$ cat protein_14.cif   # mmCIF, C-alpha atoms
data_final
loop_
_atom_site.label_atom_id
_atom_site.label_comp_id
_atom_site.auth_asym_id
_atom_site.auth_seq_id
_atom_site.Cartn_x
_atom_site.Cartn_y
_atom_site.Cartn_z
CA MET A 1 3.85 156.33 141.82
CA THR A 2 5.96 154.94 144.66
CA ALA A 3 8.76 152.43 144.16
CA ALA A 4 6.85 149.77 146.13
CA TRP A 5 3.73 150.29 144.01
CA ARG A 6 5.78 149.94 140.80
CA VAL A 7 7.33 146.72 142.08
CA ASN A 8 3.90 145.30 142.94
CA LEU A 9 2.53 146.30 139.55
CA ALA A 10 5.45 144.69 137.74
CA ALA A 11 5.07 141.52 139.79
CA ALA A 12 1.34 141.39 138.99
CA VAL A 13 2.02 141.79 135.27
CA VAL A 14 4.64 139.04 135.34
CA LEU A 15 2.23 136.76 137.22
CA LEU A 16 -0.55 137.41 134.73
CA PHE A 17 1.75 136.66 131.78
CA SER A 18 2.96 133.51 133.53
CA MET A 19 -0.59 132.32 134.13
CA ALA A 20 -1.46 133.06 130.52
CA GLY A 21 1.63 131.15 129.41
CA VAL A 22 0.67 128.12 131.47
CA ALA A 23 -2.85 128.24 130.03
CA ALA A 24 -1.42 128.49 126.50
CA MET A 25 0.91 125.59 127.24
CA LEU A 26 -1.95 123.38 128.41
CA ASP A 27 -4.00 124.37 125.36
CA ALA A 28 -1.07 123.50 123.10
CA ILE A 29 -0.67 120.16 124.81
CA ASP A 30 -4.38 119.38 124.47
CA ARG A 31 -4.25 120.17 120.74
CA THR A 32 -1.60 117.48 120.28
CA ARG A 33 -4.03 114.75 121.32
CA SER A 34 -4.83 112.12 118.75
CA GLY A 35 -7.91 109.99 118.57
CA ASN A 36 -6.04 107.17 120.26
CA ALA A 37 -6.63 107.25 124.02
CA ALA A 38 -3.27 105.65 124.74
CA GLU A 39 -1.29 108.13 122.65
CA GLU A 40 -3.12 111.17 124.00
CA SER A 41 -1.95 110.35 127.51
CA LEU A 42 1.64 111.27 126.70
CA TYR A 43 1.15 114.46 124.65
CA LEU A 44 4.71 115.84 124.52
CA ARG A 45 7.69 113.52 124.91
CA SER A 46 10.58 115.97 125.34
CA PRO A 47 11.30 117.11 128.93
CA LYS A 48 13.49 119.87 127.46
CA MET A 49 10.58 121.23 125.41
CA LEU A 50 8.24 120.87 128.36
CA ARG A 51 10.58 122.86 130.57
CA ARG A 52 10.56 125.69 128.03
CA LEU A 53 6.77 125.65 127.81
CA SER A 54 6.34 125.53 131.57
CA LEU A 55 7.80 129.04 132.08
CA GLY A 56 9.43 127.82 135.25
CA TYR A 57 6.39 125.91 136.51
CA THR A 58 8.08 122.52 136.15
CA GLY A 59 6.65 121.32 139.46
CA LEU A 60 3.12 122.01 138.27
CA LEU A 61 3.79 120.27 134.97
CA ALA A 62 5.32 117.29 136.78
CA ASP A 63 2.12 116.98 138.82
CA ILE A 64 0.08 117.03 135.60
CA TYR A 65 2.15 114.24 134.08
CA TRP A 66 2.12 112.28 137.34
CA THR A 67 -1.69 112.45 137.37
CA ARG A 68 -1.77 111.33 133.74
CA ALA A 69 0.52 108.39 134.51
CA VAL A 70 -1.84 107.14 137.23
CA GLN A 71 -4.91 107.68 135.06
CA TYR A 72 -3.26 106.03 132.07
CA PHE A 73 -2.41 102.90 134.03
CA GLY A 74 -5.93 102.72 135.45
CA GLU A 75 -7.55 103.21 132.04
CA GLN A 76 -5.36 100.63 130.33
CA HIS A 77 -5.87 98.12 133.13
CA HIS A 78 -9.62 98.70 132.97
CA SER A 79 -9.68 98.23 129.18
CA GLY A 80 -7.86 94.90 129.49
CA THR A 81 -5.58 95.58 126.52
CA GLY A 82 -2.42 94.71 128.44
CA ASP A 83 -0.75 97.60 126.57
CA PHE A 84 1.17 99.81 129.01
CA ARG A 85 3.85 101.04 126.59
CA LEU A 86 3.46 104.68 127.66
CA LEU A 87 3.71 104.11 131.41
CA ALA A 88 7.52 104.19 131.42
CA PRO A 89 7.89 107.43 129.40
CA LEU A 90 5.13 109.10 131.42
CA LEU A 91 6.95 108.31 134.66
CA GLU A 92 10.31 109.23 133.17
CA ILE A 93 9.03 112.66 132.09
CA THR A 94 7.36 113.16 135.47
CA THR A 95 10.55 112.47 137.40
CA GLU A 96 12.78 114.43 135.01
CA LEU A 97 10.54 117.45 135.54
CA ASP A 98 10.50 116.87 139.31
CA PRO A 99 13.17 114.39 140.50
CA LYS A 100 11.88 114.80 144.08
CA LEU A 101 8.41 113.41 143.34
CA LEU A 102 8.87 110.22 145.37
CA PRO A 103 5.40 108.63 144.82
CA ALA A 104 6.16 108.36 141.10
CA TYR A 105 9.14 106.11 141.79
CA GLN A 106 7.16 103.81 144.05
CA PHE A 107 4.36 103.60 141.50
CA GLY A 108 6.94 102.62 138.89
CA ALA A 109 8.45 99.97 141.16
CA THR A 110 5.01 98.46 141.74
CA PHE A 111 3.51 98.55 138.25
CA LEU A 112 6.30 98.88 135.67
CA ALA A 113 7.99 95.51 136.22
CA PRO A 114 5.17 92.92 136.66
CA LYS A 115 3.93 91.26 133.50
CA PRO A 116 0.53 92.25 132.03
CA PRO A 117 -2.25 92.41 133.03
CA ASN A 118 -0.87 93.57 136.40
CA GLY A 119 1.92 95.71 135.03
CA ALA A 120 3.87 96.82 131.99
CA GLY A 121 6.36 93.95 131.99
CA LEU A 122 9.33 96.34 131.87
CA PRO A 123 11.69 95.47 134.74
CA GLY A 124 14.59 97.19 132.97
CA SER A 125 12.67 100.47 132.84
CA ALA A 126 11.68 100.06 136.48
CA LEU A 127 15.30 99.54 137.55
CA ALA A 128 16.44 102.57 135.50
CA LEU A 129 13.75 104.70 137.14
CA MET A 130 14.84 103.61 140.62
CA ARG A 131 18.50 104.33 139.90
CA TYR A 132 17.56 107.78 138.58
CA GLY A 133 15.58 108.40 141.76
CA ILE A 134 18.47 107.34 144.00
CA GLU A 135 20.89 109.51 142.02
CA HIS A 136 18.72 112.57 142.72
CA ASN A 137 17.51 111.56 146.18
CA PRO A 138 20.37 109.62 147.80
CA ASP A 139 19.01 110.17 151.31
CA GLN A 140 15.59 108.56 150.72
CA TRP A 141 15.42 104.99 152.09
CA ARG A 142 12.21 104.25 150.16
CA LEU A 143 14.09 104.35 146.88
CA TYR A 144 16.64 101.80 148.05
CA TYR A 145 13.73 99.74 149.33
CA ASN A 146 12.00 99.98 145.93
CA LEU A 147 15.21 98.91 144.19
CA GLY A 148 15.65 95.91 146.49
CA PHE A 149 11.95 95.09 146.10
CA LEU A 150 12.37 94.92 142.32
CA TYR A 151 15.46 92.74 142.49
CA TYR A 152 13.70 90.34 144.86
CA THR A 153 10.16 90.12 143.49
CA GLU A 154 10.78 90.40 139.75
CA LEU A 155 14.36 89.31 139.07
CA LYS A 156 15.02 86.92 142.00
CA ASP A 157 18.46 88.58 142.24
CA TYR A 158 19.10 88.15 145.96
CA ALA A 159 22.63 89.56 145.92
CA HIS A 160 21.62 92.91 144.41
CA ALA A 161 18.49 93.00 146.58
CA ALA A 162 20.64 92.54 149.69
CA GLN A 163 22.96 95.30 148.52
CA ALA A 164 20.09 97.75 147.96
CA PHE A 165 18.49 97.03 151.33
CA ALA A 166 21.86 97.28 153.09
CA GLN A 167 22.55 100.69 151.52
CA GLY A 168 19.12 101.93 152.56
CA ALA A 169 19.64 100.61 156.09
CA GLN A 170 22.72 102.81 156.51
CA LEU A 171 20.83 106.08 155.99
CA PRO A 172 20.23 108.34 159.00
CA VAL A 173 16.47 107.98 158.48
CA THR A 174 15.41 104.50 157.42
CA ASN A 175 12.83 101.76 158.00
CA GLU A 176 13.25 99.23 160.80
CA PHE A 177 12.88 96.33 158.35
CA MET A 178 15.73 97.37 156.04
CA PRO A 179 18.63 95.67 157.91
CA ILE A 180 16.48 92.55 158.43
CA LEU A 181 15.63 92.40 154.74
CA ALA A 182 19.30 92.84 153.84
CA ALA A 183 20.26 89.92 156.07
CA ARG A 184 17.50 87.67 154.72
CA MET A 185 18.37 88.44 151.13
CA ALA A 186 21.98 87.56 151.86
CA GLN A 187 21.02 84.10 153.14
CA HIS A 188 17.99 83.49 150.84
CA ALA A 189 15.92 82.42 153.86
CA GLY A 190 12.40 82.91 155.18
CA GLU A 191 10.63 83.11 151.83
CA PHE A 192 7.11 83.74 153.15
CA ASP A 193 8.20 85.99 156.01
CA THR A 194 10.45 88.02 153.73
CA ALA A 195 7.77 88.49 151.09
CA ARG A 196 5.24 89.43 153.77
CA MET A 197 7.63 92.01 155.19
CA LEU A 198 8.19 93.48 151.72
CA TRP A 199 4.50 93.88 150.94
CA PHE A 200 3.75 95.21 154.43
CA THR A 201 6.48 97.83 154.05
CA THR A 202 5.10 98.72 150.62
CA TYR A 203 1.63 99.22 152.12
CA GLN A 204 3.00 101.16 155.06
CA SER A 205 5.19 103.54 153.06
CA THR A 206 2.69 104.84 150.48
CA LYS A 207 -0.56 106.78 150.34
CA GLU A 208 -1.32 105.81 146.74
CA SER A 209 -4.56 103.80 146.78
CA GLN A 210 -3.64 101.56 143.82
CA ILE A 211 -0.35 100.56 145.44
CA ARG A 212 -1.95 99.95 148.83
CA GLU A 213 -4.72 97.79 147.32
CA ASN A 214 -2.14 95.82 145.37
CA ALA A 215 -0.09 95.25 148.54
CA VAL A 216 -3.14 94.05 150.50
CA GLU A 217 -4.05 91.53 147.80
CA HIS A 218 -0.50 90.18 147.77
CA LEU A 219 -0.50 89.87 151.57
CA LEU A 220 -3.73 87.84 151.42
CA ALA A 221 -2.28 85.65 148.68
CA LEU A 222 0.86 85.03 150.72
CA GLN A 223 -1.27 83.90 153.64
CA VAL A 224 -3.09 81.40 151.41
CA ASP A 225 0.13 80.09 149.88
CA GLU A 226 1.62 79.62 153.34
CA ASP A 227 -1.53 77.98 154.72
CA VAL A 228 -1.79 75.52 151.82
CA THR A 229 1.90 74.64 152.06
CA ARG A 230 1.60 73.97 155.80
CA LEU A 231 -1.64 71.98 155.48
CA GLU A 232 -0.25 69.77 152.72
CA GLN A 233 2.73 69.05 154.95
CA VAL A 234 0.31 68.06 157.72
CA VAL A 235 -1.60 65.79 155.32
CA GLU A 236 1.64 64.11 154.27
CA LYS A 237 2.55 63.59 157.92
CA TYR A 238 -0.84 61.94 158.50
CA ARG A 239 -0.27 59.64 155.51
CA LEU A 240 3.13 58.58 156.81
CA GLN A 241 1.67 57.88 160.25
CA THR A 242 -1.43 55.97 159.11
CA GLY A 243 -0.55 54.65 155.67
CA ARG A 244 -3.55 56.34 154.05
CA TRP A 245 -4.76 59.77 153.00
CA PRO A 246 -7.11 61.58 155.40
CA GLY A 247 -10.73 61.59 154.28
CA SER A 248 -11.50 64.97 155.84
CA MET A 249 -10.11 67.75 157.98
CA SER A 250 -11.75 65.98 160.93
CA ASP A 251 -9.30 63.09 160.49
CA LEU A 252 -6.42 65.52 160.88
CA GLU A 253 -8.02 67.06 163.95
CA ARG A 254 -8.63 63.68 165.60
CA ALA A 255 -4.99 62.83 164.96
CA GLY A 256 -4.00 65.99 166.84
CA LEU A 257 -2.36 67.54 163.79
CA ILE A 258 -4.67 70.57 163.54
CA HIS A 259 -7.09 72.37 165.85
CA GLY A 260 -10.43 73.35 164.37
CA THR A 261 -11.19 73.86 160.69
CA PRO A 262 -8.54 75.91 158.85
CA THR A 263 -9.98 78.84 156.90
CA ASP A 264 -8.59 81.17 154.26
CA PRO A 265 -8.26 84.95 154.84
CA LYS A 266 -11.81 85.47 153.56
CA GLY A 267 -13.18 83.05 156.20
CA HIS A 268 -13.90 80.07 153.91
CA PRO A 269 -12.72 76.60 155.03
CA TYR A 270 -9.97 75.04 152.98
CA ARG A 271 -10.99 71.93 151.04
CA LEU A 272 -9.19 68.60 151.36
CA MET A 273 -9.07 66.97 147.92
CA ALA A 274 -7.96 63.59 146.59
CA GLU A 275 -4.39 62.50 147.28
CA GLY A 276 -3.91 65.16 149.92
CA ARG A 277 -4.29 68.28 147.82
CA ILE A 278 -5.56 71.42 149.54
CA GLU A 279 -7.73 73.87 147.63
CA VAL A 280 -9.44 77.16 148.44
CA GLN A 281 -13.22 77.17 148.10
CA ASP A 282 -13.40 80.23 145.86
CA PRO A 283 -10.10 80.59 143.98
CA GLN A 284 -11.36 83.61 142.02
CA ASN A 285 -11.93 85.55 145.24
CA ILE A 286 -8.30 85.69 146.38
CA TYR A 287 -5.97 87.18 143.79
CA PHE A 288 -2.32 86.32 143.06
CA ILE A 289 -2.40 82.96 144.86
CA THR A 290 -0.11 80.28 143.45
CA LYS A 291 -1.23 77.41 145.71
CA GLY A 292 -4.64 75.98 146.54
CA LEU A 293 -5.82 76.16 142.93
CA PRO A 294 -7.54 73.38 140.97
CA PRO A 295 -5.12 71.48 138.68
CA GLY A 296 -4.25 73.53 135.62
CA ALA A 297 -5.89 76.73 136.89
CA ALA A 298 -4.09 80.03 136.40
CA PRO A 299 -3.56 82.38 139.36
CA PRO A 300 -6.61 84.68 139.58
CA GLN A 301 -6.12 88.36 138.83
CA PRO A 302 -7.82 91.40 140.40
CA PRO A 303 -10.90 92.71 138.59
CA ARG A 304 -10.26 95.56 136.21
CA GLN A 305 -10.99 98.89 137.77
CA ALA A 306 -11.57 102.20 136.13
CA SER A 307 -9.09 104.93 136.94
CA LYS A 308 -10.16 107.38 139.60
#

$ encode --input "protein_14.cif" --output "structure tokens"
Amino acid sequence: MTAAWRVNLAAAVVLLFSMAGVAAMLDAIDRTRSGNAAEESLYLRSPKMLRRLSLGYTGLLADIYWTRAVQYFGEQHHSGTGDFRLLAPLLEITTELDPKLLPAYQFGATFLAPKPPNGAGLPGSALALMRYGIEHNPDQWRLYYNLGFLYYTELKDYAHAAQAFAQGAQLPVTNEFMPILAARMAQHAGEFDTARMLWFTTYQSTKESQIRENAVEHLLALQVDEDVTRLEQVVEKYRLQTGRWPGSMSDLERAGLIHGTPTDPKGHPYRLMAEGRIEVQDPQNIYFITKGLPPGAAPPQPPRQASK
């Protein structure tokens, strides 16, 4: 038996034992499931114990927990319970097992902070996750972007948002919008343009379908909110000029204040209501809008989707 053959044989034996260990680990994890679908998504809570069970395959185990985090969010959102209590620990375990798994941080920034039913309502956990990511990946501009995104969208903390964007803008590899966002946060200006830039950057910087779909819906909602704001300003200008409310969009066009019939992003004409209010035709068809709704109506939410 040659030395090379003995080395190959030993390596094969080690590999077989490792594979058997991973299989045993997964079987042990599966046996910890309870009848509760929410609880069974977490399985083991201790990263230290998981590292021991992984036999060095922490990257593989991180991928397993990352997949479970995405599935858990999708299942809970689909069920409509509004209970996302395990999303934070799932993402925390995922990133402790693999601190370089960048999509997990962006998923947390997008879905941990918003209130149910669109998120877990845990901005503190989201911020902690972003800081952990930056600590272990200080050269990744996306993490500084995610941190600034959280401060801006969820906490309205413009000073800390500006600081996060400015730090990300100083990295050797960064996004072209980072210094612009830092400047806008510092002066609290350009609300619609700033929000649009944030959601566009979110869409552009991820491959996760749930995050991209969420960003698209927010971009459409921003367009509606901006359109309604602008049209109501036009209506008020007409009233000041004529002393009366316009009876239709045609009145505004004849006065030279608009050109053609304004439509929402889905192609439906905006409706001119009593006393100059502007409404969308189908408010349940454009999610997250805050303007253009009937009086007393709540912002529409995306339909619940099953996890993929």

$ resolve_selection --input "protein_14.cif" --expression "the PyMOL selection byres ((chain A and resi 166) around 9)" --output "PyMOL selection string"
chain A and resi 144+161-165+167-170+178-183

$ resolve_selection --input "protein_14.cif" --expression "the PyMOL selection byres ((chain A and resi 286-292) around 9)" --output "NGL selection string"
:A and (217-218 or 220-229 or 265-266 or 270-271 or 277-285 or 293-294 or 298-302)

$ closest_residue --input "protein_14.cif" --among "A:Leu127, A:Leu257, A:Leu101, A:Leu219" --to "Glu236 (chain A)" --atoms "all atoms listed in the file"
A:Leu257

$ atom_distance --input "protein_14.cif" --atom1 "CA of Glu75 (chain A)" --atom2 "CA of Leu147 (chain A)"
26.2 Å

$ resolve_selection --input "protein_14.cif" --expression "the PyMOL selection byres ((chain A and resi 110-118) around 8)" --output "PyMOL selection string"
chain A and resi 77+80-83+87-88+106-109+119-126+150+154+211+301
